[in-house]
file model_21.cif (mmCIF, C-alpha atoms)
data_final
loop_
_atom_site.group_PDB
_atom_site.id
_atom_site.type_symbol
_atom_site.label_atom_id
_atom_site.label_comp_id
_atom_site.auth_asym_id
_atom_site.auth_seq_id
_atom_site.Cartn_x
_atom_site.Cartn_y
_atom_site.Cartn_z
ATOM 1 C CA MET W 114 -27.333 -0.516 35.029
ATOM 2 C CA ASN W 115 -28.810 2.408 36.891
ATOM 3 C CA PRO W 116 -30.820 4.510 34.356
ATOM 4 C CA GLN W 117 -29.114 7.691 35.498
ATOM 5 C CA LYS W 118 -25.650 6.163 35.072
ATOM 6 C CA PHE W 119 -26.641 4.821 31.658
ATOM 7 C CA ALA W 120 -27.884 8.268 30.599
ATOM 8 C CA PHE W 121 -24.653 9.848 31.863
ATOM 9 C CA LEU W 122 -22.619 7.308 29.860
ATOM 10 C CA ILE W 123 -24.583 8.066 26.692
ATOM 11 C CA ILE W 124 -24.133 11.805 27.170
ATOM 12 C CA SER W 125 -20.391 11.360 27.809
ATOM 13 C CA LEU W 126 -19.941 9.294 24.662
ATOM 14 C CA ALA W 127 -21.927 11.802 22.631
ATOM 15 C CA PHE W 128 -19.807 14.664 24.002
ATOM 16 C CA SER W 129 -16.612 12.772 23.163
ATOM 17 C CA ASN W 130 -17.834 12.240 19.606
ATOM 18 C CA PHE W 131 -18.765 15.929 19.426
ATOM 19 C CA LEU W 132 -15.269 16.944 20.487
ATOM 20 C CA ALA W 133 -13.743 14.596 17.944
ATOM 21 C CA GLU W 134 -15.849 16.203 15.208
ATOM 22 C CA VAL W 135 -15.146 19.762 16.355
ATOM 23 C CA ALA W 136 -11.463 19.006 16.673
ATOM 24 C CA ALA W 137 -11.110 18.079 13.019
ATOM 25 C CA SER W 138 -7.678 16.933 12.011
ATOM 26 C CA CYS W 139 -5.358 19.771 11.094
ATOM 27 C CA LYS W 140 -4.866 19.644 7.320
ATOM 28 C CA GLY W 141 -1.190 19.437 6.486
ATOM 29 C CA CYS W 142 -0.228 18.622 10.078
ATOM 30 C CA VAL W 143 1.396 15.416 11.284
ATOM 31 C CA GLU W 144 0.361 14.008 14.667
ATOM 32 C CA LEU W 145 3.373 13.088 16.776
ATOM 33 C CA ASP W 146 3.719 11.122 19.990
ATOM 34 C CA SER W 147 6.506 10.095 22.330
ATOM 35 C CA LEU W 148 7.581 7.231 20.072
ATOM 36 C CA THR W 149 7.599 9.066 16.758
ATOM 37 C CA PHE W 150 8.704 12.559 17.788
ATOM 38 C CA ASP W 151 12.491 12.312 17.399
ATOM 39 C CA LYS W 152 12.299 9.851 14.514
ATOM 40 C CA ILE W 153 10.186 12.140 12.336
ATOM 41 C CA LEU W 154 11.817 15.439 13.343
ATOM 42 C CA SER W 155 15.188 14.016 12.283
ATOM 43 C CA LYS W 156 13.940 13.918 8.670
ATOM 44 C CA PHE W 157 13.359 17.678 8.377
ATOM 45 C CA GLN W 158 15.671 20.667 8.672
ATOM 46 C CA TYR W 159 12.992 22.542 10.610
ATOM 47 C CA SER W 160 9.840 21.455 12.406
ATOM 48 C CA ILE W 161 7.141 23.652 13.886
ATOM 49 C CA VAL W 162 5.121 21.826 16.523
ATOM 50 C CA LYS W 163 1.956 22.842 18.342
ATOM 51 C CA PHE W 164 1.565 21.316 21.796
ATOM 52 C CA ASP W 165 -2.096 21.267 22.722
ATOM 53 C CA ILE W 166 -4.934 19.317 24.327
ATOM 54 C CA SER W 167 -5.836 15.977 22.773
ATOM 55 C CA TYR W 168 -8.820 17.356 20.886
ATOM 56 C CA PRO W 169 -7.780 20.914 19.931
ATOM 57 C CA TYR W 170 -10.317 23.377 18.607
ATOM 58 C CA GLY W 171 -10.956 27.100 18.490
ATOM 59 C CA GLU W 172 -9.513 30.084 16.673
ATOM 60 C CA LYS W 173 -5.857 29.417 17.479
ATOM 61 C CA HIS W 174 -6.134 25.855 16.221
ATOM 62 C CA GLU W 175 -7.781 27.142 13.025
ATOM 63 C CA GLN W 176 -5.045 29.743 12.490
ATOM 64 C CA PHE W 177 -2.390 27.056 12.912
ATOM 65 C CA GLU W 178 -4.176 24.998 10.268
ATOM 66 C CA GLU W 179 -4.190 28.029 7.949
ATOM 67 C CA PHE W 180 -0.456 28.329 8.450
ATOM 68 C CA SER W 181 -0.078 24.602 7.770
ATOM 69 C CA LYS W 182 -1.847 24.989 4.421
ATOM 70 C CA ALA W 183 0.392 27.943 3.491
ATOM 71 C CA ALA W 184 3.507 25.918 4.331
ATOM 72 C CA ALA W 185 2.383 22.764 2.509
ATOM 73 C CA ASP W 186 4.890 23.243 -0.322
ATOM 74 C CA VAL W 187 7.880 23.946 1.946
ATOM 75 C CA SER W 188 9.618 20.568 1.844
ATOM 76 C CA GLU W 189 12.211 21.479 4.485
ATOM 77 C CA LEU W 190 9.539 22.231 7.114
ATOM 78 C CA LEU W 191 7.450 19.749 9.092
ATOM 79 C CA VAL W 192 4.217 21.075 10.572
ATOM 80 C CA ALA W 193 3.049 18.896 13.443
ATOM 81 C CA GLU W 194 0.901 18.616 16.540
ATOM 82 C CA VAL W 195 1.410 16.869 19.857
ATOM 83 C CA GLY W 196 -1.724 16.109 21.857
ATOM 84 C CA VAL W 197 -0.964 16.050 25.581
ATOM 85 C CA LYS W 198 -3.197 14.485 28.226
ATOM 86 C CA ASP W 199 -2.921 15.483 31.868
ATOM 87 C CA TYR W 200 -5.129 12.610 32.987
ATOM 88 C CA GLY W 201 -5.265 8.812 32.666
ATOM 89 C CA ASP W 202 -2.152 7.500 30.939
ATOM 90 C CA LYS W 203 -0.972 11.101 30.436
ATOM 91 C CA ASP W 204 -0.119 10.526 26.778
ATOM 92 C CA ASN W 205 2.845 12.641 25.603
ATOM 93 C CA ASP W 206 3.186 14.348 28.975
ATOM 94 C CA ASP W 207 6.857 13.318 28.831
ATOM 95 C CA LEU W 208 7.290 15.469 25.696
ATOM 96 C CA ALA W 209 5.633 18.421 27.406
ATOM 97 C CA GLN W 210 8.018 18.079 30.348
ATOM 98 C CA ARG W 211 11.038 17.585 28.115
ATOM 99 C CA PHE W 212 10.407 20.871 26.310
ATOM 100 C CA ASN W 213 9.095 22.778 29.323
ATOM 101 C CA VAL W 214 5.575 23.118 27.964
ATOM 102 C CA LYS W 215 3.031 24.035 30.627
ATOM 103 C CA THR W 216 -0.417 22.555 30.075
ATOM 104 C CA ASP W 217 -2.081 25.689 31.446
ATOM 105 C CA LYS W 218 -0.422 27.664 28.622
ATOM 106 C CA PHE W 219 -1.868 25.547 25.774
ATOM 107 C CA PRO W 220 -1.597 25.883 22.882
ATOM 108 C CA VAL W 221 2.175 26.329 22.678
ATOM 109 C CA ILE W 222 4.157 26.501 19.425
ATOM 110 C CA LYS W 223 7.852 25.676 19.210
ATOM 111 C CA LEU W 224 10.204 25.764 16.211
ATOM 112 C CA PHE W 225 12.802 22.987 16.113
ATOM 113 C CA ASP W 226 16.086 22.949 14.219
ATOM 114 C CA ARG W 227 17.277 19.436 13.407
ATOM 115 C CA GLN W 228 20.787 20.432 14.443
ATOM 116 C CA ASN W 229 19.660 21.447 17.940
ATOM 117 C CA VAL W 230 16.382 19.706 18.761
ATOM 118 C CA ASP W 231 16.680 20.138 22.520
ATOM 119 C CA ASN W 232 16.661 23.936 22.269
ATOM 120 C CA PRO W 233 13.581 24.953 20.254
ATOM 121 C CA ILE W 234 12.437 28.563 19.877
ATOM 122 C CA GLU W 235 9.013 29.335 21.311
ATOM 123 C CA PHE W 236 6.447 31.430 19.483
ATOM 124 C CA SER W 237 5.610 34.350 21.776
ATOM 125 C CA ASP W 238 3.658 36.828 19.643
ATOM 126 C CA ALA W 239 0.551 38.080 21.458
ATOM 127 C CA GLU W 240 -1.297 38.096 18.118
ATOM 128 C CA TRP W 241 -1.899 34.465 17.126
ATOM 129 C CA THR W 242 -2.556 34.361 13.380
ATOM 130 C CA ALA W 243 -1.326 32.409 10.377
ATOM 131 C CA ASP W 244 0.668 35.491 9.314
ATOM 132 C CA THR W 245 2.392 35.999 12.667
ATOM 133 C CA ILE W 246 3.336 32.315 12.698
ATOM 134 C CA ARG W 247 4.778 32.691 9.186
ATOM 135 C CA LYS W 248 6.792 35.707 10.309
ATOM 136 C CA PHE W 249 8.046 33.721 13.289
ATOM 137 C CA VAL W 250 9.340 30.942 11.027
ATOM 138 C CA ARG W 251 10.894 33.377 8.531
ATOM 139 C CA GLN W 252 12.645 35.294 11.301
ATOM 140 C CA ASN W 253 14.126 32.168 12.880
ATOM 141 C CA SER W 254 15.060 30.081 9.853
ATOM 142 C CA ASN W 255 16.256 30.421 6.278
ATOM 143 C CA LEU W 256 12.923 29.180 4.928
ATOM 144 C CA TYR W 257 10.656 31.184 2.649
ATOM 145 C CA ILE W 258 6.956 31.187 3.481
ATOM 146 C CA GLY W 259 5.181 34.036 1.772
ATOM 147 C CA LEU W 260 3.113 36.430 3.845
ATOM 148 C CA ALA W 261 -0.297 37.657 2.716
ATOM 149 C CA GLY W 262 0.059 40.257 -0.017
ATOM 150 C CA CYS W 263 3.714 39.462 -0.734
ATOM 151 C CA VAL W 264 5.271 38.306 -4.011
ATOM 152 C CA ARG W 265 8.282 36.034 -3.739
ATOM 153 C CA GLU W 266 10.275 37.648 -6.559
ATOM 154 C CA PHE W 267 9.922 41.050 -4.909
ATOM 155 C CA ASP W 268 10.601 39.612 -1.457
ATOM 156 C CA ASP W 269 13.923 38.323 -2.787
ATOM 157 C CA LEU W 270 14.754 41.732 -4.251
ATOM 158 C CA ALA W 271 13.738 43.487 -1.023
ATOM 159 C CA ARG W 272 16.100 41.318 1.008
ATOM 160 C CA ARG W 273 18.938 41.873 -1.421
ATOM 161 C CA PHE W 274 18.172 45.592 -1.281
ATOM 162 C CA ALA W 275 18.448 45.534 2.533
ATOM 163 C CA VAL W 276 21.642 43.462 2.538
ATOM 164 C CA GLU W 277 23.399 45.615 -0.085
ATOM 165 C CA PHE W 278 21.935 48.966 0.915
ATOM 166 C CA ASP W 279 25.332 50.449 1.832
ATOM 167 C CA SER W 280 26.377 50.165 -1.804
ATOM 168 C CA GLU W 281 24.798 52.994 -3.806
ATOM 169 C CA SER W 282 25.367 51.223 -7.107
ATOM 170 C CA ALA W 283 23.846 47.987 -5.782
ATOM 171 C CA ARG W 284 20.674 49.589 -4.402
ATOM 172 C CA GLN W 285 20.120 51.564 -7.618
ATOM 173 C CA SER W 286 20.670 48.406 -9.642
ATOM 174 C CA ILE W 287 18.159 46.456 -7.527
ATOM 175 C CA LEU W 288 15.655 49.298 -7.799
ATOM 176 C CA GLU W 289 15.938 49.234 -11.593
ATOM 177 C CA GLU W 290 15.655 45.443 -11.575
ATOM 178 C CA SER W 291 12.474 45.784 -9.496
ATOM 179 C CA LYS W 292 10.993 48.291 -11.924
ATOM 180 C CA GLN W 293 11.757 45.969 -14.817
ATOM 181 C CA LEU W 294 10.159 43.046 -12.996
ATOM 182 C CA ALA W 295 7.093 45.168 -12.269
ATOM 183 C CA THR W 296 6.421 45.521 -15.998
ATOM 184 C CA THR W 297 5.776 41.771 -16.180
ATOM 185 C CA PHE W 298 2.913 42.170 -13.688
ATOM 186 C CA GLU W 299 1.124 45.023 -15.460
ATOM 187 C CA GLY W 300 -2.571 44.310 -15.739
ATOM 188 C CA LYS W 301 -2.351 41.535 -13.136
ATOM 189 C CA LYS W 302 -3.401 41.561 -9.488
ATOM 190 C CA GLU W 303 0.270 41.748 -8.428
ATOM 191 C CA ASP W 304 0.677 45.093 -10.227
ATOM 192 C CA TYR W 305 -0.505 47.128 -7.219
ATOM 193 C CA VAL W 306 1.762 45.179 -4.850
ATOM 194 C CA ALA W 307 4.777 45.611 -7.150
ATOM 195 C CA LYS W 308 4.328 49.380 -7.003
ATOM 196 C CA ILE W 309 4.360 49.265 -3.188
ATOM 197 C CA TYR W 310 7.714 47.429 -3.121
ATOM 198 C CA ILE W 311 9.194 49.976 -5.511
ATOM 199 C CA ALA W 312 7.738 52.933 -3.593
ATOM 200 C CA TYR W 313 9.291 51.622 -0.379
ATOM 201 C CA MET W 314 12.688 51.187 -2.046
ATOM 202 C CA GLU W 315 12.549 54.755 -3.344
ATOM 203 C CA ARG W 316 11.462 56.083 0.054
ATOM 204 C CA ILE W 317 14.279 54.220 1.819
ATOM 205 C CA ILE W 318 16.813 55.744 -0.578
ATOM 206 C CA GLU W 319 15.311 59.221 -0.148
ATOM 207 C CA ARG W 320 15.393 58.945 3.633
ATOM 208 C CA GLY W 321 18.967 57.693 3.524
ATOM 209 C CA GLY W 322 18.564 54.454 5.406
ATOM 210 C CA LEU W 323 16.607 51.402 6.481
ATOM 211 C CA THR W 324 15.453 53.184 9.656
ATOM 212 C CA PHE W 325 12.500 54.247 7.506
ATOM 213 C CA VAL W 326 11.238 50.647 7.604
ATOM 214 C CA GLN W 327 10.804 50.564 11.378
ATOM 215 C CA ALA W 328 9.334 54.061 11.451
ATOM 216 C CA GLU W 329 6.809 53.188 8.740
ATOM 217 C CA LYS W 330 5.865 49.951 10.514
ATOM 218 C CA GLN W 331 5.115 51.895 13.675
ATOM 219 C CA ARG W 332 3.082 54.444 11.735
ATOM 220 C CA LEU W 333 0.973 51.793 10.020
ATOM 221 C CA LYS W 334 0.363 49.973 13.318
ATOM 222 C CA LYS W 335 -0.944 53.189 14.862
ATOM 223 C CA VAL W 336 -3.279 53.675 11.917
ATOM 224 C CA LEU W 337 -4.525 50.110 12.365
ATOM 225 C CA GLU W 338 -5.374 50.849 15.989
ATOM 226 C CA GLY W 339 -7.795 53.557 14.857
ATOM 227 C CA LYS W 340 -11.107 53.309 13.095
ATOM 228 C CA VAL W 341 -10.485 52.012 9.568
ATOM 229 C CA SER W 342 -12.631 50.021 7.173
ATOM 230 C CA ASP W 343 -12.053 46.291 6.747
ATOM 231 C CA THR W 344 -10.733 46.909 3.229
ATOM 232 C CA LYS W 345 -8.262 49.513 4.471
ATOM 233 C CA LYS W 346 -7.256 47.250 7.343
ATOM 234 C CA GLU W 347 -6.367 44.422 4.955
ATOM 235 C CA ASP W 348 -4.346 46.827 2.800
ATOM 236 C CA LEU W 349 -2.398 48.103 5.824
ATOM 237 C CA LYS W 350 -1.649 44.547 6.971
ATOM 238 C CA LYS W 351 -0.316 43.675 3.514
ATOM 239 C CA ARG W 352 1.895 46.774 3.575
ATOM 240 C CA LEU W 353 3.254 45.695 6.957
ATOM 241 C CA ASN W 354 4.020 42.269 5.514
ATOM 242 C CA ILE W 355 5.848 43.852 2.567
ATOM 243 C CA LEU W 356 7.892 46.013 4.946
ATOM 244 C CA GLU W 357 8.878 42.827 6.790
ATOM 245 C CA SER W 358 10.691 41.724 3.631
ATOM 246 C CA PHE W 359 13.118 44.624 4.090
ATOM 247 C CA VAL W 360 13.952 43.608 7.675
ATOM 248 C CA LEU W 361 17.155 41.658 8.201
ATOM 249 C CA HIS W 362 17.017 38.840 10.732
ATOM 250 C CA GLU W 363 19.849 36.875 12.268
ATOM 251 C CA LYS W 364 19.038 33.585 10.540
ATOM 252 C CA SER W 365 17.774 35.057 7.284
ATOM 253 C CA SER W 366 19.862 34.141 4.295
ATOM 254 C CA VAL W 367 19.333 35.826 0.943
ATOM 255 C CA LYS W 368 21.516 33.257 -0.673
ATOM 256 C CA ASN W 369 19.387 30.388 0.594
ATOM 257 C CA GLU W 370 16.112 32.069 -0.358
ATOM 258 C CA LEU W 371 17.008 32.867 -3.951
#
call {"tool": "encode", "arguments": {"input": "model_21.cif", "output": "structure tokens"}}
result
Amino acid sequence: MNPQKFAFLIISLAFSNFLAEVAASCKGCVELDSLTFDKILSKFQYSIVKFDISYPYGEKHEQFEEFSKAAADVSELLVAEVGVKDYGDKDNDDLAQRFNVKTDKFPVIKLFDRQNVDNPIEFSDAEWTADTIRKFVRQNSNLYIGLAGCVREFDDLARRFAVEFDSESARQSILEESKQLATTFEGKKEDYVAKIYIAYMERIIERGGLTFVQAEKQRLKKVLEGKVSDTKKEDLKKRLNILESFVLHEKSSVKNEL
């Protein structure tokens, strides 16, 4: 063999091995292909699938893996990847075409409902993080996946508070229930977070409506756009996540989340 060709072959093999190492398997993710896609999705109420190159890597891939770890205990949700090749045998290209996934847009995330697999919902948030993916799933399903800084017990109370806000007796009752729950977290790391939930409930009541939630979200986002320390930034993001618990979404179901 020509020495130059042999050297090129060695370099190509080394690069392929490098890609395979860089593109470490996504922990908690299931790799799907054209033969297994429908079979496996039929076993789960919801499936979130990332369509990507065959050897995915980079920040978006890492954030999807972070989401996968956070969703590991959600038995009703499958987290999966489909590697699509636009060369050679074009593995899984049929799946990309079936779900209108453009290879020049990779990576693409779609949420599938077992009852309507052919009409998935596409993740379109400009900010690609584990938290925004979690919000996407929560907003388009009845699944609970906690956001950073949130506490499930208070998330449940916040949703009930939003659903029953028109009833003065109900909102006061939920507020008192929240205060009672907060006493169980005194001295623990959740104590600070519990006080934020309660403060938001009190502020919503004072302002006379849930419109406070959207206004506060906008205010916090503007603060985040300015110059703030990393510690303050993390605190503001957690507050935004807590506010999200008070937002009612079409497919959210308090009954199913309790």
call {"tool": "closest_residue", "arguments": {"input": "model_21.cif", "among": "W:Phe150, W:Phe249, W:Trp241, W:Phe219", "to": "W:Pro169", "atoms": "all atoms listed in the file"}}
result
W:Phe219
call {"tool": "atom_distance", "arguments": {"input": "model_21.cif", "atom1": "atom CA of W:His174", "atom2": "atom CA of W:Arg265"}}
result
26.6 Å
call {"tool": "atom_distance", "arguments": {"input": "model_21.cif", "atom1": "atom CA of W:Asn229", "atom2": "atom CA of W:Ser160"}}
result
11.3 Å
call {"tool": "closest_residue", "arguments": {"input": "model_21.cif", "among": "W:Gln176, W:Ser286, W:Gln293, W:Asn232", "to": "W:Asp244", "atoms": "only C-alpha atoms"}}
result
W:Gln176
call {"tool": "residues_around", "arguments": {"input": "model_21.cif", "residues": "stretch 288-291 of chain W", "least_positions_apart": "5", "cutoff": "8 Å", "atoms": "all atoms listed in the file", "output": "number ranges by chain"}}
result
W: 267, 270, 274, 311, 314-315
call {"tool": "closest_residue", "arguments": {"input": "model_21.cif", "among": "W:Val162, W:Ile355, W:Val187, W:Val276", "to": "W:Lys223", "atoms": "all atoms listed in the file"}}
result
W:Val162
call {"tool": "closest_residue", "arguments": {"input": "model_21.cif", "among": "W:Val230, W:Ile317, W:Leu145, W:Leu190", "to": "W:Arg211", "atoms": "only C-alpha atoms"}}
result
W:Val230
call {"tool": "resolve_selection", "arguments": {"input": "model_21.cif", "expression": "the PyMOL selection byres ((chain W and resi 177-181) around 8)", "output": "list of chain:residue names"}}
result
W:Cys139, W:Lys140, W:Gly141, W:Cys142, W:Lys173, W:His174, W:Glu175, W:Gln176, W:Lys182, W:Ala183, W:Ala184, W:Ala185, W:Val192, W:Thr242, W:Ala243, W:Asp244, W:Ile246, W:Arg247
call {"tool": "closest_residue", "arguments": {"input": "model_21.cif", "among": "W:Tyr170, W:Phe298, W:Tyr305, W:Tyr257", "to": "W:Ser358", "atoms": "all atoms listed in the file"}}
result
W:Tyr257
call {"tool": "closest_residue", "arguments": {"input": "model_21.cif", "among": "W:Ala328, W:Ala261, W:Val197, W:Ile318", "to": "W:Asp348", "atoms": "only C-alpha atoms"}}
result
W:Ala261
call {"tool": "residues_around", "arguments": {"input": "model_21.cif", "residues": "W:Leu349", "least_positions_apart": "6", "cutoff": "12 Å", "atoms": "only C-alpha atoms", "output": "PDB file with C-alpha atoms, in the coordinates of the input"}}
result
ATOM      1  CA  ALA W 261      -0.297  37.657   2.716  1.00  0.00           C
ATOM      2  CA  GLY W 262       0.059  40.257  -0.017  1.00  0.00           C
ATOM      3  CA  VAL W 306       1.762  45.179  -4.850  1.00  0.00           C
ATOM      4  CA  ILE W 309       4.360  49.265  -3.188  1.00  0.00           C
ATOM      5  CA  GLU W 329       6.809  53.188   8.740  1.00  0.00           C
ATOM      6  CA  LYS W 330       5.865  49.951  10.514  1.00  0.00           C
ATOM      7  CA  GLN W 331       5.115  51.895  13.675  1.00  0.00           C
ATOM      8  CA  ARG W 332       3.082  54.444  11.735  1.00  0.00           C
ATOM      9  CA  LEU W 333       0.973  51.793  10.020  1.00  0.00           C
ATOM     10  CA  LYS W 334       0.363  49.973  13.318  1.00  0.00           C
ATOM     11  CA  LYS W 335      -0.944  53.189  14.862  1.00  0.00           C
ATOM     12  CA  VAL W 336      -3.279  53.675  11.917  1.00  0.00           C
ATOM     13  CA  LEU W 337      -4.525  50.110  12.365  1.00  0.00           C
ATOM     14  CA  GLU W 338      -5.374  50.849  15.989  1.00  0.00           C
ATOM     15  CA  GLY W 339      -7.795  53.557  14.857  1.00  0.00           C
ATOM     16  CA  VAL W 341     -10.485  52.012   9.568  1.00  0.00           C
ATOM     17  CA  SER W 342     -12.631  50.021   7.173  1.00  0.00           C
ATOM     18  CA  ASP W 343     -12.053  46.291   6.747  1.00  0.00           C
ATOM     19  CA  ILE W 355       5.848  43.852   2.567  1.00  0.00           C
ATOM     20  CA  LEU W 356       7.892  46.013   4.946  1.00  0.00           C
TER      21      LEU W 356
END
call {"tool": "resolve_selection", "arguments": {"input": "model_21.cif", "expression": "the PyMOL selection byres ((chain W and resi 220) around 6)", "output": "PyMOL selection string"}}
result
chain W and resi 164-165+219+221
call {"tool": "residues_around", "arguments": {"input": "model_21.cif", "residues": "W:Leu191", "least_positions_apart": "4", "cutoff": "7 Å", "atoms": "only C-alpha atoms", "output": "number ranges by chain"}}
result
W: 157, 159-161
call {"tool": "write_last_selection", "arguments": {"input": "model_21.cif", "atoms": "C-alpha atoms", "output": "PDB file, in the frame of the given file"}}
result
ATOM      1  CA  PHE W 157      13.359  17.678   8.377  1.00  0.00           C
ATOM      2  CA  TYR W 159      12.992  22.542  10.610  1.00  0.00           C
ATOM      3  CA  SER W 160       9.840  21.455  12.406  1.00  0.00           C
ATOM      4  CA  ILE W 161       7.141  23.652  13.886  1.00  0.00           C
TER       5      ILE W 161
END
call {"tool": "atom_distance", "arguments": {"input": "model_21.cif", "atom1": "atom CA of W:Val264", "atom2": "atom CA of W:Tyr310"}}
result
9.5 Å
call {"tool": "resolve_selection", "arguments": {"input": "model_21.cif", "expression": "the PyMOL selection byres ((chain W and resi 166) around 12)", "output": "MDAnalysis selection string"}}
result
chainID W and resid 132:133 136 163:165 167:171 174 194:200 203:206 209 214:221
